>>> print(open('target.pdb').read())   # PDB, C-alpha atoms and all ligand atoms
ATOM      1  CA  MET A   1      21.808 -14.570   4.150
ATOM      2  CA  SER A   2      19.759 -12.275   1.959
ATOM      3  CA  VAL A   3      16.858 -13.536  -0.139
ATOM      4  CA  ASN A   4      17.094 -14.035  -3.847
ATOM      5  CA  LYS A   5      15.398 -11.328  -5.949
ATOM      6  CA  SER A   6      13.721 -13.819  -8.274
ATOM      7  CA  THR A   7      12.152 -15.523  -5.242
ATOM      8  CA  ILE A   8      10.788 -12.159  -4.166
ATOM      9  CA  LEU A   9       9.372 -11.447  -7.625
ATOM     10  CA  GLN A  10       7.452 -14.732  -7.501
ATOM     11  CA  HIS A  11       5.539 -13.294  -4.553
ATOM     12  CA  ILE A  12       4.497 -10.062  -6.277
ATOM     13  CA  TYR A  13       1.132 -10.091  -8.039
ATOM     14  CA  ILE A  14      -0.292  -7.338 -10.218
ATOM     15  CA  GLN A  15      -4.040  -7.300 -10.651
ATOM     16  CA  LYS A  16      -6.871  -5.050 -11.702
ATOM     17  CA  GLY A  17      -9.826  -4.493  -9.442
ATOM     18  CA  ASP A  18     -11.201  -3.364  -6.134
ATOM     19  CA  ILE A  19      -8.935  -3.746  -3.121
ATOM     20  CA  THR A  20     -11.888  -4.037  -0.709
ATOM     21  CA  LYS A  21     -12.603  -7.516  -2.090
ATOM     22  CA  MET A  22      -9.169  -8.918  -1.330
ATOM     23  CA  GLU A  23      -8.830 -12.001   0.861
ATOM     24  CA  VAL A  24      -5.482 -11.175   2.400
ATOM     25  CA  ASP A  25      -4.217 -10.571   5.914
ATOM     26  CA  ALA A  26      -3.934  -6.808   5.390
ATOM     27  CA  ILE A  27      -5.080  -4.222   2.881
ATOM     28  CA  VAL A  28      -3.437  -0.824   2.759
ATOM     29  CA  ASN A  29      -5.512   2.344   2.709
ATOM     30  CA  ALA A  30      -4.305   5.490   0.908
ATOM     31  CA  ALA A  31      -5.625   7.702   3.687
ATOM     32  CA  ASN A  32      -5.266  11.364   4.643
ATOM     33  CA  PRO A  33      -3.578  12.594   7.849
ATOM     34  CA  SER A  34      -6.861  12.724   9.793
ATOM     35  CA  LEU A  35      -7.358   8.966   9.248
ATOM     36  CA  LEU A  36     -11.066   9.714   9.396
ATOM     37  CA  GLY A  37     -11.996   8.655   5.866
ATOM     38  CA  GLY A  38     -12.362  10.477   2.567
ATOM     39  CA  GLY A  39     -12.958   9.755  -1.129
ATOM     40  CA  GLY A  40     -11.255   7.343  -3.533
ATOM     41  CA  VAL A  41      -9.951   4.093  -2.125
ATOM     42  CA  ASP A  42     -10.265   5.461   1.424
ATOM     43  CA  GLY A  43     -14.016   5.980   0.982
ATOM     44  CA  ALA A  44     -14.410   2.539  -0.594
ATOM     45  CA  ILE A  45     -12.580   0.826   2.289
ATOM     46  CA  HIS A  46     -14.627   2.607   4.960
ATOM     47  CA  ARG A  47     -17.889   1.791   3.165
ATOM     48  CA  ALA A  48     -16.981  -1.871   2.837
ATOM     49  CA  ALA A  49     -15.601  -2.248   6.376
ATOM     50  CA  GLY A  50     -18.564  -0.535   8.049
ATOM     51  CA  PRO A  51     -18.826   2.156  10.757
ATOM     52  CA  GLN A  52     -16.715   0.313  13.336
ATOM     53  CA  LEU A  53     -13.645   1.088  11.249
ATOM     54  CA  LEU A  54     -14.201   4.824  11.683
ATOM     55  CA  GLU A  55     -14.737   4.304  15.411
ATOM     56  CA  GLU A  56     -11.353   2.643  15.750
ATOM     57  CA  CYS A  57      -9.736   5.250  13.489
ATOM     58  CA  ARG A  58     -10.951   7.989  15.833
ATOM     59  CA  THR A  59      -8.736   6.520  18.570
ATOM     60  CA  LEU A  60      -5.558   6.706  16.460
ATOM     61  CA  GLY A  61      -4.907  10.436  16.594
ATOM     62  CA  GLY A  62      -4.186  10.772  12.877
ATOM     63  CA  ALA A  63      -0.896  10.107  11.080
ATOM     64  CA  GLN A  64       1.770  12.188   9.364
ATOM     65  CA  PRO A  65       2.357  11.623   5.640
ATOM     66  CA  GLY A  66       4.508   8.495   5.331
ATOM     67  CA  GLU A  67       3.475   7.109   8.728
ATOM     68  CA  ALA A  68       1.257   4.018   8.976
ATOM     69  CA  LYS A  69      -1.234   2.796  11.556
ATOM     70  CA  ILE A  70      -3.096  -0.493  11.762
ATOM     71  CA  THR A  71      -6.695  -1.350  12.613
ATOM     72  CA  LYS A  72      -8.900  -4.396  12.360
ATOM     73  CA  GLY A  73     -10.726  -5.076   9.076
ATOM     74  CA  TYR A  74     -14.257  -5.422  10.498
ATOM     75  CA  ARG A  75     -16.625  -6.389   7.636
ATOM     76  CA  LEU A  76     -13.789  -6.786   5.147
ATOM     77  CA  LYS A  77     -12.347 -10.178   4.295
ATOM     78  CA  ALA A  78      -8.962  -8.757   5.270
ATOM     79  CA  LYS A  79      -8.033  -9.140   8.938
ATOM     80  CA  TYR A  80      -6.323  -5.737   9.092
ATOM     81  CA  VAL A  81      -6.348  -2.352   7.399
ATOM     82  CA  ILE A  82      -3.064  -0.448   7.363
ATOM     83  CA  HIS A  83      -3.754   3.265   6.969
ATOM     84  CA  THR A  84      -1.071   5.493   5.503
ATOM     85  CA  PRO A  85      -1.332   9.022   4.130
ATOM     86  CA  GLY A  86       0.930   9.352   1.104
ATOM     87  CA  PRO A  87       2.386  12.690  -0.013
ATOM     88  CA  VAL A  88       0.430  15.328  -1.884
ATOM     89  CA  TYR A  89       2.450  15.773  -5.087
ATOM     90  CA  ARG A  90       3.598  19.372  -5.502
ATOM     91  CA  GLY A  91       6.112  19.094  -8.329
ATOM     92  CA  GLY A  92       8.609  16.724  -6.695
ATOM     93  CA  LYS A  93      10.753  19.097  -4.668
ATOM     94  CA  TYR A  94       8.980  18.695  -1.354
ATOM     95  CA  ASN A  95      10.287  15.309  -0.251
ATOM     96  CA  GLU A  96       7.428  13.557  -1.994
ATOM     97  CA  ALA A  97       9.557  10.562  -3.048
ATOM     98  CA  SER A  98      10.852   9.788   0.432
ATOM     99  CA  ILE A  99       7.413  10.271   1.962
ATOM    100  CA  LEU A 100       5.948   7.803  -0.536
ATOM    101  CA  GLN A 101       8.788   5.409   0.223
ATOM    102  CA  ASN A 102       8.000   5.718   3.934
ATOM    103  CA  SER A 103       4.339   4.882   3.312
ATOM    104  CA  TYR A 104       5.283   1.595   1.648
ATOM    105  CA  TYR A 105       8.096   0.830   4.092
ATOM    106  CA  ASN A 106       6.044   1.505   7.230
ATOM    107  CA  SER A 107       3.115  -0.511   5.860
ATOM    108  CA  MET A 108       5.424  -3.496   5.348
ATOM    109  CA  ARG A 109       6.877  -3.007   8.810
ATOM    110  CA  LEU A 110       3.407  -3.200  10.374
ATOM    111  CA  ALA A 111       2.614  -6.269   8.272
ATOM    112  CA  LYS A 112       5.738  -7.916   9.628
ATOM    113  CA  GLU A 113       5.059  -6.923  13.240
ATOM    114  CA  ASN A 114       1.548  -8.344  12.940
ATOM    115  CA  HIS A 115       2.696 -11.615  11.342
ATOM    116  CA  CYS A 116       0.895 -11.075   8.046
ATOM    117  CA  THR A 117       1.566 -13.508   5.236
ATOM    118  CA  SER A 118      -0.195 -11.479   2.549
ATOM    119  CA  ILE A 119      -0.845  -7.798   1.894
ATOM    120  CA  ALA A 120      -2.596  -5.752  -0.813
ATOM    121  CA  PHE A 121      -1.609  -2.222  -1.827
ATOM    122  CA  PRO A 122      -3.408   0.379  -3.925
ATOM    123  CA  ALA A 123      -1.328   2.863  -5.942
ATOM    124  CA  ILE A 124      -0.891   5.293  -3.040
ATOM    125  CA  SER A 125      -1.007   9.028  -3.893
ATOM    126  CA  THR A 126      -1.724   8.475  -7.606
ATOM    127  CA  GLY A 127      -5.357   9.638  -7.422
ATOM    128  CA  VAL A 128      -6.447  12.855  -5.709
ATOM    129  CA  TYR A 129      -2.879  13.437  -4.457
ATOM    130  CA  GLY A 130      -1.599  13.648  -8.045
ATOM    131  CA  TYR A 131       1.661  11.654  -7.886
ATOM    132  CA  PRO A 132       2.892  10.724 -11.407
ATOM    133  CA  LYS A 133       2.001   7.073 -11.867
ATOM    134  CA  ASP A 134       5.222   5.831 -13.428
ATOM    135  CA  GLU A 135       7.445   7.262 -10.703
ATOM    136  CA  ALA A 136       5.068   6.183  -7.936
ATOM    137  CA  CYS A 137       5.146   2.623  -9.283
ATOM    138  CA  ARG A 138       8.957   2.521  -9.323
ATOM    139  CA  ILE A 139       9.015   3.662  -5.705
ATOM    140  CA  ALA A 140       6.371   1.143  -4.630
ATOM    141  CA  LEU A 141       8.182  -1.798  -6.226
ATOM    142  CA  SER A 142      11.703  -0.858  -5.182
ATOM    143  CA  THR A 143      10.718  -0.120  -1.580
ATOM    144  CA  ILE A 144       8.877  -3.389  -1.153
ATOM    145  CA  ILE A 145      11.534  -5.501  -2.812
ATOM    146  CA  GLU A 146      14.188  -3.853  -0.671
ATOM    147  CA  PHE A 147      12.164  -4.391   2.494
ATOM    148  CA  MET A 148      11.733  -8.100   1.750
ATOM    149  CA  GLU A 149      15.433  -8.454   0.959
ATOM    150  CA  LYS A 150      16.745  -6.594   3.984
ATOM    151  CA  GLU A 151      14.271  -7.953   6.499
ATOM    152  CA  ASN A 152      14.273 -11.461   5.076
ATOM    153  CA  PHE A 153      10.493 -11.235   5.118
ATOM    154  CA  ILE A 154       8.812 -12.850   2.125
ATOM    155  CA  ILE A 155       5.042 -12.525   1.902
ATOM    156  CA  ASP A 156       2.525 -12.376  -0.931
ATOM    157  CA  VAL A 157       2.227  -8.780  -2.087
ATOM    158  CA  TYR A 158      -0.723  -7.846  -4.308
ATOM    159  CA  PHE A 159      -0.848  -4.538  -6.128
ATOM    160  CA  VAL A 160      -4.511  -3.965  -6.834
ATOM    161  CA  LEU A 161      -4.933  -1.343  -9.524
ATOM    162  CA  PHE A 162      -8.257   0.300 -10.128
ATOM    163  CA  ASP A 163      -7.492   2.079 -13.388
ATOM    164  CA  ASP A 164      -6.108   0.724 -16.667
ATOM    165  CA  GLU A 165      -3.213   3.166 -16.728
ATOM    166  CA  ASN A 166      -1.814   2.106 -13.362
ATOM    167  CA  TYR A 167      -2.333  -1.550 -14.247
ATOM    168  CA  ALA A 168      -0.322  -1.125 -17.460
ATOM    169  CA  VAL A 169       2.419   0.791 -15.650
ATOM    170  CA  TYR A 170       2.797  -1.898 -12.959
ATOM    171  CA  LYS A 171       2.782  -4.736 -15.512
ATOM    172  CA  LYS A 172       5.512  -2.986 -17.476
ATOM    173  CA  HIS A 173       7.752  -2.335 -14.475
ATOM    174  CA  VAL A 174       7.431  -5.840 -13.042
ATOM    175  CA  GLN A 175       8.253  -7.319 -16.450
ATOM    176  CA  GLU A 176      11.350  -5.143 -16.631
ATOM    177  CA  LEU A 177      12.513  -6.485 -13.267
ATOM    178  CA  SER A 178      12.087 -10.172 -14.220
TER
HETATM  179  N1  LIG A 201      -9.426  -0.345  -5.018
HETATM  180  C1  LIG A 201      -8.163  -0.102  -5.448
HETATM  181  N2  LIG A 201      -7.744   1.107  -5.881
HETATM  182  C2  LIG A 201      -8.643   2.111  -5.871
HETATM  183  C3  LIG A 201      -9.982   1.959  -5.440
HETATM  184  C4  LIG A 201     -10.361   0.655  -4.993
HETATM  185  N3  LIG A 201     -11.589   0.388  -4.547
HETATM  186  N4  LIG A 201     -10.611   3.161  -5.553
HETATM  187  C5  LIG A 201      -9.711   4.030  -6.067
HETATM  188  N5  LIG A 201      -8.526   3.410  -6.254
HETATM  189  P1  LIG A 201      -6.935   7.990  -4.139
HETATM  190  P2  LIG A 201      -4.560   9.308  -3.007
HETATM  191  C6  LIG A 201      -7.239   3.916  -6.791
HETATM  192  O1  LIG A 201      -7.425   9.264  -4.714
HETATM  193  O2  LIG A 201      -4.165   9.810  -4.337
HETATM  194  C7  LIG A 201      -8.832  10.266  -0.259
HETATM  195  O3  LIG A 201      -9.900  11.169  -0.228
HETATM  196  C8  LIG A 201      -7.249   5.179  -7.628
HETATM  197  O4  LIG A 201      -7.593   4.874  -8.984
HETATM  198  O5  LIG A 201      -7.906   7.070  -3.494
HETATM  199  O6  LIG A 201      -3.529   8.688  -2.119
HETATM  200  C9  LIG A 201      -8.041  10.246   1.041
HETATM  201  O7  LIG A 201      -8.873  10.480   2.174
HETATM  202  C10 LIG A 201      -5.820   5.650  -7.498
HETATM  203  O8  LIG A 201      -4.988   5.025  -8.472
HETATM  204  O9  LIG A 201      -5.764   8.231  -3.036
HETATM  205  C11 LIG A 201      -7.078  11.381   0.842
HETATM  206  O10 LIG A 201      -7.648  12.622   1.142
HETATM  207  C12 LIG A 201      -5.394   5.134  -6.134
HETATM  208  O11 LIG A 201      -6.431   4.261  -5.689
HETATM  209  C13 LIG A 201      -6.756  11.298  -0.637
HETATM  210  O12 LIG A 201      -7.900  10.693  -1.246
HETATM  211  C14 LIG A 201      -5.206   6.238  -5.109
HETATM  212  O13 LIG A 201      -6.189   7.241  -5.312
HETATM  213  C15 LIG A 201      -5.562  10.437  -0.906
HETATM  214  O14 LIG A 201      -5.218  10.529  -2.250
END
>>> encode(input="target.pdb", output="structure tokens")
Amino acid sequence: MSVNKSTILQHIYIQKGDITKMEVDAIVNAANPSLLGGGGVDGAIHRAAGPQLLEECRTLGGAQPGEAKITKGYRLKAKYVIHTPGPVYRGGKYNEASILQNSYYNSMRLAKENHCTSIAFPAISTGVYGYPKDEACRIALSTIIEFMEKENFIIDVYFVLFDDENYAVYKKHVQELS
């Protein structure tokens, strides 16, 4: 039996702030394919987790856009970090939407495989990678809702938005779904 959509929506939380502070089982990192750190949320996560995170990341062999790999959280409150490079947005005709979908889907898959009961996402690809925020938000929400429905896997999902624009976009889209 599939799960009710309104039950799923009760487990989706939209908040403003810094994802590195989240007390959840897993936080998701908007990484690049090297998985060796960078700017934006990636830089913030590595700084907060400490140098052991980079050490473990060096063993992973990178990741393709849309793939996801999991490490421990080290100094973070989160037990795990799920690293996924989103797509670089180049106008929308280069498979960007399905790559972004894969990033969210594969992150949820790893959360399930590792028995997580809560996960926090940033707005993947909407910073340096230039993905339009409205469209990226639709993809994030629909992919996660669909994953929870199909896999019968209900966990607390936090979208932690750093900028006011993304926060407003997420609030609007979640309200439209309720
Ligand atoms: N907590 C939550 N969200 C944050 C934080 C934070 N501490 N810091 C920034 N954001 P970006 P991308 C938001 O550029 O577009 C890196 O160098 C930010 O406002 O971090 O996927 C990687 O190594 C934006 O909305 O990631 C890659 O090279 C969102 O996080 C590249 O950037 C994503 O912005 C990936 O680019």
>>> axis_aligned_box(input="target.pdb", around="ligand LIG 201 (chain A)", padding_each_side="8 Å", output="JSON")
{"center_x": -7.6, "center_y": 6.1, "center_z": -3.4, "size_x": 24.1, "size_y": 29.0, "size_z": 27.2}
>>> closest_residue(input="target.pdb", among="A:Gly39, A:Gly50, A:Gly73, A:Gly92", to="ligand LIG 201 (chain A)", atoms="all atoms listed in the file")
A:Gly39
>>> residues_near_ligand(input="target.pdb", ligand="ligand LIG 201 (chain A)", cutoff="7 Å", atoms="all atoms listed in the file", output="number ranges by chain")
A: 17-20, 30-32, 37-45, 85-86, 122-130, 160-163, 166
>>> closest_residue(input="target.pdb", among="A:Ala136, A:Leu177, A:Leu76, A:Ala68", to="A:Gln52", atoms="all atoms listed in the file")
A:Leu76
>>> resolve_selection(input="target.pdb", expression="the PyMOL selection byres (((chain A and resi 153-155) around 12) and not hetatm)", output="ChimeraX atom specification")
/A:1-13,24-26,108-113,115-120,144-152,156-158
>>> atom_distance(input="target.pdb", atom1="atom CA of A:Ile139", atom2="atom CA of A:Lys69")
20.1 Å
>>> atom_distance(input="target.pdb", atom1="atom CA of A:Tyr104", atom2="atom CA of A:His83")
10.6 Å
>>> resolve_selection(input="target.pdb", expression="the PyMOL selection byres (((chain A and resi 70) around 6) and not hetatm)", output="PyMOL selection string")
chain A and resi 69+71+81-82
>>> resolve_selection(input="target.pdb", expression="the PyMOL selection byres (((chain A and resi 65) around 8) and not hetatm)", output="PDB file with C-alpha atoms, in the frame of the given file")
ATOM      1  CA  ASN A  32      -5.266  11.364   4.643  1.00  0.00           C
ATOM      2  CA  PRO A  33      -3.578  12.594   7.849  1.00  0.00           C
ATOM      3  CA  ALA A  63      -0.896  10.107  11.080  1.00  0.00           C
ATOM      4  CA  GLN A  64       1.770  12.188   9.364  1.00  0.00           C
ATOM      5  CA  GLY A  66       4.508   8.495   5.331  1.00  0.00           C
ATOM      6  CA  GLU A  67       3.475   7.109   8.728  1.00  0.00           C
ATOM      7  CA  THR A  84      -1.071   5.493   5.503  1.00  0.00           C
ATOM      8  CA  PRO A  85      -1.332   9.022   4.130  1.00  0.00           C
ATOM      9  CA  GLY A  86       0.930   9.352   1.104  1.00  0.00           C
ATOM     10  CA  PRO A  87       2.386  12.690  -0.013  1.00  0.00           C
ATOM     11  CA  ILE A  99       7.413  10.271   1.962  1.00  0.00           C
ATOM     12  CA  SER A 103       4.339   4.882   3.312  1.00  0.00           C
TER      13      SER A 103
END
>>> closest_residue(input="target.pdb", among="A:Ile14, A:Tyr170, A:Val28, A:Gly61", to="A:Tyr80", atoms="all atoms listed in the file")
A:Val28
